[in-house]
$ cat entry_6.cif   # mmCIF, N, CA and C atoms, pLDDT in the B column; chains and numbers go by the auth columns
data_run
#
loop_
_atom_site.group_PDB
_atom_site.id
_atom_site.type_symbol
_atom_site.label_atom_id
_atom_site.label_comp_id
_atom_site.label_asym_id
_atom_site.label_seq_id
_atom_site.Cartn_x
_atom_site.Cartn_y
_atom_site.Cartn_z
_atom_site.B_iso_or_equiv
_atom_site.auth_seq_id
_atom_site.auth_asym_id
ATOM 1 N N MET A 1 -12.004 5.539 -2.988 49.00 218 A
ATOM 2 C CA MET A 1 -11.214 5.448 -1.777 49.00 218 A
ATOM 3 C C MET A 1 -12.110 5.783 -0.590 49.00 218 A
ATOM 4 N N PRO A 2 -12.168 4.905 0.423 53.00 219 A
ATOM 5 C CA PRO A 2 -12.993 5.197 1.599 53.00 219 A
ATOM 6 C C PRO A 2 -12.427 6.372 2.391 53.00 219 A
ATOM 7 N N ASN A 3 -13.295 7.088 3.028 56.00 220 A
ATOM 8 C CA ASN A 3 -12.835 8.162 3.899 56.00 220 A
ATOM 9 C C ASN A 3 -13.462 7.993 5.283 56.00 220 A
ATOM 10 N N TYR A 4 -13.201 8.927 6.145 50.00 221 A
ATOM 11 C CA TYR A 4 -13.665 8.839 7.525 50.00 221 A
ATOM 12 C C TYR A 4 -15.183 8.688 7.599 50.00 221 A
ATOM 13 N N ASN A 5 -15.923 9.438 6.785 52.00 222 A
ATOM 14 C CA ASN A 5 -17.386 9.390 6.827 52.00 222 A
ATOM 15 C C ASN A 5 -17.932 8.032 6.397 52.00 222 A
ATOM 16 N N ASP A 6 -17.219 7.326 5.527 50.00 223 A
ATOM 17 C CA ASP A 6 -17.643 5.988 5.121 50.00 223 A
ATOM 18 C C ASP A 6 -17.487 4.986 6.257 50.00 223 A
ATOM 19 N N LEU A 7 -16.513 5.183 7.096 48.00 224 A
ATOM 20 C CA LEU A 7 -16.186 4.220 8.145 48.00 224 A
ATOM 21 C C LEU A 7 -16.870 4.478 9.478 48.00 224 A
ATOM 22 N N ILE A 8 -17.393 5.660 9.659 50.00 225 A
ATOM 23 C CA ILE A 8 -17.900 6.051 10.972 50.00 225 A
ATOM 24 C C ILE A 8 -19.037 5.157 11.474 50.00 225 A
ATOM 25 N N ASN A 9 -19.776 4.500 10.591 50.00 226 A
ATOM 26 C CA ASN A 9 -20.883 3.641 11.005 50.00 226 A
ATOM 27 C C ASN A 9 -20.501 2.175 11.158 50.00 226 A
ATOM 28 N N ILE A 10 -19.257 1.842 10.953 55.00 227 A
ATOM 29 C CA ILE A 10 -18.793 0.469 11.115 55.00 227 A
ATOM 30 C C ILE A 10 -18.367 0.280 12.569 55.00 227 A
ATOM 31 N N GLU A 11 -18.998 -0.649 13.248 56.00 228 A
ATOM 32 C CA GLU A 11 -18.787 -0.830 14.687 56.00 228 A
ATOM 33 C C GLU A 11 -17.321 -1.080 15.046 56.00 228 A
ATOM 34 N N GLU A 12 -16.611 -1.886 14.254 58.00 229 A
ATOM 35 C CA GLU A 12 -15.205 -2.186 14.559 58.00 229 A
ATOM 36 C C GLU A 12 -14.333 -0.936 14.471 58.00 229 A
ATOM 37 N N PHE A 13 -14.777 0.052 13.713 54.00 230 A
ATOM 38 C CA PHE A 13 -14.000 1.276 13.537 54.00 230 A
ATOM 39 C C PHE A 13 -14.073 2.205 14.746 54.00 230 A
ATOM 40 N N TRP A 14 -15.140 2.123 15.523 54.00 231 A
ATOM 41 C CA TRP A 14 -15.336 3.053 16.626 54.00 231 A
ATOM 42 C C TRP A 14 -14.149 3.106 17.563 54.00 231 A
ATOM 43 N N GLU A 15 -13.574 1.958 17.888 58.00 232 A
ATOM 44 C CA GLU A 15 -12.433 1.952 18.809 58.00 232 A
ATOM 45 C C GLU A 15 -11.151 2.442 18.150 58.00 232 A
ATOM 46 N N LYS A 16 -11.097 2.475 16.817 58.00 233 A
ATOM 47 C CA LYS A 16 -9.886 2.863 16.106 58.00 233 A
ATOM 48 C C LYS A 16 -9.939 4.289 15.570 58.00 233 A
ATOM 49 N N LYS A 17 -11.061 4.982 15.727 55.00 234 A
ATOM 50 C CA LYS A 17 -11.215 6.274 15.064 55.00 234 A
ATOM 51 C C LYS A 17 -10.218 7.331 15.538 55.00 234 A
ATOM 52 N N GLU A 18 -9.690 7.199 16.745 60.00 235 A
ATOM 53 C CA GLU A 18 -8.711 8.169 17.231 60.00 235 A
ATOM 54 C C GLU A 18 -7.415 8.097 16.437 60.00 235 A
ATOM 55 N N SER A 19 -7.088 6.912 15.926 59.00 236 A
ATOM 56 C CA SER A 19 -5.833 6.747 15.190 59.00 236 A
ATOM 57 C C SER A 19 -6.017 6.755 13.678 59.00 236 A
ATOM 58 N N PHE A 20 -7.224 7.090 13.189 58.00 237 A
ATOM 59 C CA PHE A 20 -7.482 7.082 11.752 58.00 237 A
ATOM 60 C C PHE A 20 -6.748 8.217 11.060 58.00 237 A
ATOM 61 N N THR A 21 -6.045 7.905 9.980 63.00 238 A
ATOM 62 C CA THR A 21 -5.412 8.920 9.143 63.00 238 A
ATOM 63 C C THR A 21 -5.653 8.569 7.689 63.00 238 A
ATOM 64 N N GLU A 22 -5.803 9.575 6.854 63.00 239 A
ATOM 65 C CA GLU A 22 -6.030 9.363 5.423 63.00 239 A
ATOM 66 C C GLU A 22 -4.856 8.640 4.772 63.00 239 A
ATOM 67 N N GLU A 23 -3.625 8.839 5.280 61.00 240 A
ATOM 68 C CA GLU A 23 -2.446 8.228 4.690 61.00 240 A
ATOM 69 C C GLU A 23 -2.479 6.705 4.746 61.00 240 A
ATOM 70 N N ARG A 24 -3.257 6.153 5.658 63.00 241 A
ATOM 71 C CA ARG A 24 -3.349 4.693 5.775 63.00 241 A
ATOM 72 C C ARG A 24 -3.881 4.061 4.503 63.00 241 A
ATOM 73 N N TRP A 25 -4.601 4.814 3.691 70.00 242 A
ATOM 74 C CA TRP A 25 -5.243 4.267 2.495 70.00 242 A
ATOM 75 C C TRP A 25 -4.408 4.455 1.243 70.00 242 A
ATOM 76 N N GLU A 26 -3.273 5.136 1.336 79.00 243 A
ATOM 77 C CA GLU A 26 -2.432 5.376 0.178 79.00 243 A
ATOM 78 C C GLU A 26 -1.799 4.070 -0.309 79.00 243 A
ATOM 79 N N VAL A 27 -1.866 3.813 -1.600 88.00 244 A
ATOM 80 C CA VAL A 27 -1.301 2.595 -2.173 88.00 244 A
ATOM 81 C C VAL A 27 0.192 2.782 -2.388 88.00 244 A
ATOM 82 N N SER A 28 0.966 1.778 -2.007 93.00 245 A
ATOM 83 C CA SER A 28 2.411 1.797 -2.172 93.00 245 A
ATOM 84 C C SER A 28 2.861 0.506 -2.840 93.00 245 A
ATOM 85 N N PHE A 29 4.106 0.504 -3.270 95.00 246 A
ATOM 86 C CA PHE A 29 4.672 -0.650 -3.959 95.00 246 A
ATOM 87 C C PHE A 29 5.936 -1.098 -3.237 95.00 246 A
ATOM 88 N N TYR A 30 6.026 -2.388 -2.966 96.00 247 A
ATOM 89 C CA TYR A 30 7.180 -2.968 -2.278 96.00 247 A
ATOM 90 C C TYR A 30 7.883 -3.920 -3.243 96.00 247 A
ATOM 91 N N CYS A 31 9.179 -3.730 -3.427 96.00 248 A
ATOM 92 C CA CYS A 31 9.972 -4.606 -4.282 96.00 248 A
ATOM 93 C C CYS A 31 10.590 -5.687 -3.392 96.00 248 A
ATOM 94 N N LYS A 32 10.281 -6.933 -3.681 96.00 249 A
ATOM 95 C CA LYS A 32 10.829 -8.044 -2.892 96.00 249 A
ATOM 96 C C LYS A 32 12.314 -8.249 -3.151 96.00 249 A
ATOM 97 N N ASP A 33 12.811 -7.762 -4.278 96.00 250 A
ATOM 98 C CA ASP A 33 14.236 -7.890 -4.577 96.00 250 A
ATOM 99 C C ASP A 33 15.049 -6.793 -3.887 96.00 250 A
ATOM 100 N N CYS A 34 14.566 -5.562 -3.950 95.00 251 A
ATOM 101 C CA CYS A 34 15.247 -4.439 -3.281 95.00 251 A
ATOM 102 C C CYS A 34 14.968 -4.428 -1.777 95.00 251 A
ATOM 103 N N LYS A 35 13.860 -5.068 -1.377 94.00 252 A
ATOM 104 C CA LYS A 35 13.411 -5.100 0.021 94.00 252 A
ATOM 105 C C LYS A 35 13.127 -3.700 0.572 94.00 252 A
ATOM 106 N N GLU A 36 12.415 -2.906 -0.240 94.00 253 A
ATOM 107 C CA GLU A 36 12.029 -1.568 0.191 94.00 253 A
ATOM 108 C C GLU A 36 10.863 -1.050 -0.637 94.00 253 A
ATOM 109 N N ILE A 37 10.249 0.037 -0.142 95.00 254 A
ATOM 110 C CA ILE A 37 9.176 0.713 -0.867 95.00 254 A
ATOM 111 C C ILE A 37 9.827 1.439 -2.039 95.00 254 A
ATOM 112 N N VAL A 38 9.272 1.239 -3.249 96.00 255 A
ATOM 113 C CA VAL A 38 9.902 1.798 -4.442 96.00 255 A
ATOM 114 C C VAL A 38 8.870 2.475 -5.346 96.00 255 A
ATOM 115 N N GLU A 39 9.380 3.224 -6.301 96.00 256 A
ATOM 116 C CA GLU A 39 8.553 3.750 -7.377 96.00 256 A
ATOM 117 C C GLU A 39 8.537 2.700 -8.471 96.00 256 A
ATOM 118 N N THR A 40 7.420 2.635 -9.190 96.00 257 A
ATOM 119 C CA THR A 40 7.284 1.600 -10.206 96.00 257 A
ATOM 120 C C THR A 40 6.827 2.185 -11.537 96.00 257 A
ATOM 121 N N GLU A 41 6.920 1.344 -12.535 96.00 258 A
ATOM 122 C CA GLU A 41 6.416 1.658 -13.865 96.00 258 A
ATOM 123 C C GLU A 41 5.371 0.601 -14.205 96.00 258 A
ATOM 124 N N ARG A 42 4.205 1.025 -14.633 94.00 259 A
ATOM 125 C CA ARG A 42 3.151 0.074 -14.990 94.00 259 A
ATOM 126 C C ARG A 42 3.419 -0.418 -16.413 94.00 259 A
ATOM 127 N N LEU A 43 3.604 -1.721 -16.558 95.00 260 A
ATOM 128 C CA LEU A 43 3.973 -2.292 -17.845 95.00 260 A
ATOM 129 C C LEU A 43 2.809 -2.428 -18.807 95.00 260 A
ATOM 130 N N ASN A 44 1.625 -2.704 -18.286 91.00 261 A
ATOM 131 C CA ASN A 44 0.450 -2.889 -19.131 91.00 261 A
ATOM 132 C C ASN A 44 -0.716 -2.175 -18.457 91.00 261 A
ATOM 133 N N PRO A 45 -1.332 -1.207 -19.133 90.00 262 A
ATOM 134 C CA PRO A 45 -2.430 -0.465 -18.495 90.00 262 A
ATOM 135 C C PRO A 45 -3.656 -1.314 -18.177 90.00 262 A
ATOM 136 N N ASN A 46 -3.761 -2.503 -18.756 91.00 263 A
ATOM 137 C CA ASN A 46 -4.906 -3.371 -18.519 91.00 263 A
ATOM 138 C C ASN A 46 -4.643 -4.442 -17.461 91.00 263 A
ATOM 139 N N LYS A 47 -3.430 -4.491 -16.937 91.00 264 A
ATOM 140 C CA LYS A 47 -3.062 -5.504 -15.939 91.00 264 A
ATOM 141 C C LYS A 47 -2.328 -4.843 -14.780 91.00 264 A
ATOM 142 N N TYR A 48 -2.330 -5.535 -13.648 90.00 265 A
ATOM 143 C CA TYR A 48 -1.574 -5.064 -12.489 90.00 265 A
ATOM 144 C C TYR A 48 -0.168 -5.636 -12.557 90.00 265 A
ATOM 145 N N GLU A 49 0.582 -5.217 -13.542 94.00 266 A
ATOM 146 C CA GLU A 49 1.948 -5.690 -13.746 94.00 266 A
ATOM 147 C C GLU A 49 2.870 -4.467 -13.689 94.00 266 A
ATOM 148 N N TYR A 50 3.754 -4.473 -12.692 95.00 267 A
ATOM 149 C CA TYR A 50 4.634 -3.338 -12.456 95.00 267 A
ATOM 150 C C TYR A 50 6.086 -3.772 -12.483 95.00 267 A
ATOM 151 N N LYS A 51 6.960 -2.786 -12.763 97.00 268 A
ATOM 152 C CA LYS A 51 8.400 -3.029 -12.762 97.00 268 A
ATOM 153 C C LYS A 51 9.049 -2.011 -11.841 97.00 268 A
ATOM 154 N N CYS A 52 9.951 -2.465 -11.012 97.00 269 A
ATOM 155 C CA CYS A 52 10.675 -1.587 -10.090 97.00 269 A
ATOM 156 C C CYS A 52 11.587 -0.659 -10.894 97.00 269 A
ATOM 157 N N LYS A 53 11.533 0.627 -10.596 97.00 270 A
ATOM 158 C CA LYS A 53 12.389 1.591 -11.296 97.00 270 A
ATOM 159 C C LYS A 53 13.841 1.518 -10.816 97.00 270 A
ATOM 160 N N LYS A 54 14.036 0.901 -9.674 96.00 271 A
ATOM 161 C CA LYS A 54 15.391 0.822 -9.120 96.00 271 A
ATOM 162 C C LYS A 54 16.164 -0.377 -9.673 96.00 271 A
ATOM 163 N N CYS A 55 15.550 -1.569 -9.654 96.00 272 A
ATOM 164 C CA CYS A 55 16.269 -2.781 -10.072 96.00 272 A
ATOM 165 C C CYS A 55 15.739 -3.396 -11.368 96.00 272 A
ATOM 166 N N SER A 56 14.646 -2.874 -11.878 95.00 273 A
ATOM 167 C CA SER A 56 14.015 -3.317 -13.132 95.00 273 A
ATOM 168 C C SER A 56 13.415 -4.720 -13.081 95.00 273 A
ATOM 169 N N TRP A 57 13.234 -5.292 -11.894 95.00 274 A
ATOM 170 C CA TRP A 57 12.586 -6.592 -11.769 95.00 274 A
ATOM 171 C C TRP A 57 11.095 -6.382 -11.553 95.00 274 A
ATOM 172 N N LYS A 58 10.316 -7.440 -11.728 95.00 275 A
ATOM 173 C CA LYS A 58 8.857 -7.346 -11.624 95.00 275 A
ATOM 174 C C LYS A 58 8.312 -8.050 -10.388 95.00 275 A
ATOM 175 N N ASN A 59 9.109 -8.185 -9.360 96.00 276 A
ATOM 176 C CA ASN A 59 8.697 -8.866 -8.133 96.00 276 A
ATOM 177 C C ASN A 59 8.104 -7.838 -7.161 96.00 276 A
ATOM 178 N N ILE A 60 6.945 -7.267 -7.531 96.00 277 A
ATOM 179 C CA ILE A 60 6.340 -6.141 -6.821 96.00 277 A
ATOM 180 C C ILE A 60 5.089 -6.575 -6.067 96.00 277 A
ATOM 181 N N VAL A 61 4.944 -6.066 -4.852 95.00 278 A
ATOM 182 C CA VAL A 61 3.747 -6.280 -4.039 95.00 278 A
ATOM 183 C C VAL A 61 3.039 -4.927 -3.918 95.00 278 A
ATOM 184 N N ILE A 62 1.719 -4.931 -4.105 93.00 279 A
ATOM 185 C CA ILE A 62 0.922 -3.714 -4.022 93.00 279 A
ATOM 186 C C ILE A 62 0.091 -3.771 -2.745 93.00 279 A
ATOM 187 N N GLY A 63 0.065 -2.678 -1.993 91.00 280 A
ATOM 188 C CA GLY A 63 -0.750 -2.617 -0.784 91.00 280 A
ATOM 189 C C GLY A 63 -0.684 -1.250 -0.145 91.00 280 A
ATOM 190 N N THR A 64 -1.411 -1.082 0.939 88.00 281 A
ATOM 191 C CA THR A 64 -1.305 0.185 1.669 88.00 281 A
ATOM 192 C C THR A 64 0.035 0.215 2.375 88.00 281 A
ATOM 193 N N LEU A 65 0.521 1.406 2.617 87.00 282 A
ATOM 194 C CA LEU A 65 1.823 1.555 3.269 87.00 282 A
ATOM 195 C C LEU A 65 1.823 0.874 4.632 87.00 282 A
ATOM 196 N N GLU A 66 0.751 1.037 5.390 84.00 283 A
ATOM 197 C CA GLU A 66 0.654 0.416 6.720 84.00 283 A
ATOM 198 C C GLU A 66 0.711 -1.112 6.621 84.00 283 A
ATOM 199 N N TRP A 67 -0.021 -1.693 5.668 87.00 284 A
ATOM 200 C CA TRP A 67 -0.035 -3.148 5.500 87.00 284 A
ATOM 201 C C TRP A 67 1.338 -3.654 5.081 87.00 284 A
ATOM 202 N N LEU A 68 1.984 -2.973 4.141 91.00 285 A
ATOM 203 C CA LEU A 68 3.313 -3.397 3.688 91.00 285 A
ATOM 204 C C LEU A 68 4.317 -3.337 4.838 91.00 285 A
ATOM 205 N N LYS A 69 4.248 -2.275 5.639 89.00 286 A
ATOM 206 C CA LYS A 69 5.177 -2.136 6.768 89.00 286 A
ATOM 207 C C LYS A 69 4.995 -3.261 7.778 89.00 286 A
ATOM 208 N N SER A 70 3.762 -3.628 8.056 88.00 287 A
ATOM 209 C CA SER A 70 3.539 -4.668 9.056 88.00 287 A
ATOM 210 C C SER A 70 3.859 -6.064 8.518 88.00 287 A
ATOM 211 N N ASN A 71 3.579 -6.333 7.265 90.00 288 A
ATOM 212 C CA ASN A 71 3.822 -7.667 6.706 90.00 288 A
ATOM 213 C C ASN A 71 5.252 -7.912 6.286 90.00 288 A
ATOM 214 N N TYR A 72 5.963 -6.882 5.897 91.00 289 A
ATOM 215 C CA TYR A 72 7.350 -7.060 5.453 91.00 289 A
ATOM 216 C C TYR A 72 8.351 -6.449 6.439 91.00 289 A
ATOM 217 N N ARG A 73 7.856 -6.064 7.609 87.00 290 A
ATOM 218 C CA ARG A 73 8.683 -5.547 8.694 87.00 290 A
ATOM 219 C C ARG A 73 9.592 -4.404 8.223 87.00 290 A
ATOM 220 N N ILE A 74 8.978 -3.422 7.588 85.00 291 A
ATOM 221 C CA ILE A 74 9.684 -2.241 7.119 85.00 291 A
ATOM 222 C C ILE A 74 9.634 -1.198 8.217 85.00 291 A
ATOM 223 N N LYS A 75 10.743 -0.529 8.448 76.00 292 A
ATOM 224 C CA LYS A 75 10.784 0.529 9.475 76.00 292 A
ATOM 225 C C LYS A 75 10.402 1.856 8.880 76.00 292 A
#
$ encode --input "entry_6.cif" --output "structure tokens"
Amino acid sequence: MPNYNDLINIEEFWEKKESFTEERWEVSFYCKDCKEIVETERLNPNKYEYKCKKCSWKNIVIGTLEWLKSNYRIK
């Protein structure tokens, strides 16, 4: 997982460093059926296949919380 020290030498990061938070890198799961961030169960340890614990469907998107919020318009 990258941290602040890894990014400090990247030129594009210089203008964004004031708003950098470690939480931006946390991986979250979005269920397209429930339309919300959910907890999941990994079905196969060798594959990225997850099941929503709320609705039991496998229509899951994996990403950072910030990315999921911006792409799926989550408040």
$ atom_distance --input "entry_6.cif" --atom1 "CA of Lys268 in chain A" --atom2 "CA of Lys249 in chain A"
11.3 Å
$ resolve_selection --input "entry_6.cif" --expression "the PyMOL selection byres ((chain A and resi 247) around 8)" --output "PyMOL selection string"
chain A and resi 244-246+248-256+269+276-280+285
$ write_last_selection --input "entry_6.cif" --atoms "N, CA and C atoms" --output "short mmCIF file (atom, residue, chain, number, x, y, z; two decimals), in the frame of the given file"
data_model
loop_
_atom_site.label_atom_id
_atom_site.label_comp_id
_atom_site.auth_asym_id
_atom_site.auth_seq_id
_atom_site.Cartn_x
_atom_site.Cartn_y
_atom_site.Cartn_z
N VAL A 244 -1.87 3.81 -1.60
CA VAL A 244 -1.30 2.60 -2.17
C VAL A 244 0.19 2.78 -2.39
N SER A 245 0.97 1.78 -2.01
CA SER A 245 2.41 1.80 -2.17
C SER A 245 2.86 0.51 -2.84
N PHE A 246 4.11 0.50 -3.27
CA PHE A 246 4.67 -0.65 -3.96
C PHE A 246 5.94 -1.10 -3.24
N CYS A 248 9.18 -3.73 -3.43
CA CYS A 248 9.97 -4.61 -4.28
C CYS A 248 10.59 -5.69 -3.39
N LYS A 249 10.28 -6.93 -3.68
CA LYS A 249 10.83 -8.04 -2.89
C LYS A 249 12.31 -8.25 -3.15
N ASP A 250 12.81 -7.76 -4.28
CA ASP A 250 14.24 -7.89 -4.58
C ASP A 250 15.05 -6.79 -3.89
N CYS A 251 14.57 -5.56 -3.95
CA CYS A 251 15.25 -4.44 -3.28
C CYS A 251 14.97 -4.43 -1.78
N LYS A 252 13.86 -5.07 -1.38
CA LYS A 252 13.41 -5.10 0.02
C LYS A 252 13.13 -3.70 0.57
N GLU A 253 12.42 -2.91 -0.24
CA GLU A 253 12.03 -1.57 0.19
C GLU A 253 10.86 -1.05 -0.64
N ILE A 254 10.25 0.04 -0.14
CA ILE A 254 9.18 0.71 -0.87
C ILE A 254 9.83 1.44 -2.04
N VAL A 255 9.27 1.24 -3.25
CA VAL A 255 9.90 1.80 -4.44
C VAL A 255 8.87 2.48 -5.35
N GLU A 256 9.38 3.22 -6.30
CA GLU A 256 8.55 3.75 -7.38
C GLU A 256 8.54 2.70 -8.47
N CYS A 269 9.95 -2.46 -11.01
CA CYS A 269 10.68 -1.59 -10.09
C CYS A 269 11.59 -0.66 -10.89
N ASN A 276 9.11 -8.18 -9.36
CA ASN A 276 8.70 -8.87 -8.13
C ASN A 276 8.10 -7.84 -7.16
N ILE A 277 6.94 -7.27 -7.53
CA ILE A 277 6.34 -6.14 -6.82
C ILE A 277 5.09 -6.58 -6.07
N VAL A 278 4.94 -6.07 -4.85
CA VAL A 278 3.75 -6.28 -4.04
C VAL A 278 3.04 -4.93 -3.92
N ILE A 279 1.72 -4.93 -4.11
CA ILE A 279 0.92 -3.71 -4.02
C ILE A 279 0.09 -3.77 -2.74
N GLY A 280 0.06 -2.68 -1.99
CA GLY A 280 -0.75 -2.62 -0.78
C GLY A 280 -0.68 -1.25 -0.14
N LEU A 285 1.98 -2.97 4.14
CA LEU A 285 3.31 -3.40 3.69
C LEU A 285 4.32 -3.34 4.84
#
$ resolve_selection --input "entry_6.cif" --expression "the PyMOL selection byres (((chain A and resi 283 and name CA) around 10) and name CA)" --output "MDAnalysis selection string"
chainID A and resid 240:245 280:282 284:288 291
$ atom_distance --input "entry_6.cif" --atom1 "CA of Lys271 in chain A" --atom2 "CA of Thr257 in chain A"
8.2 Å
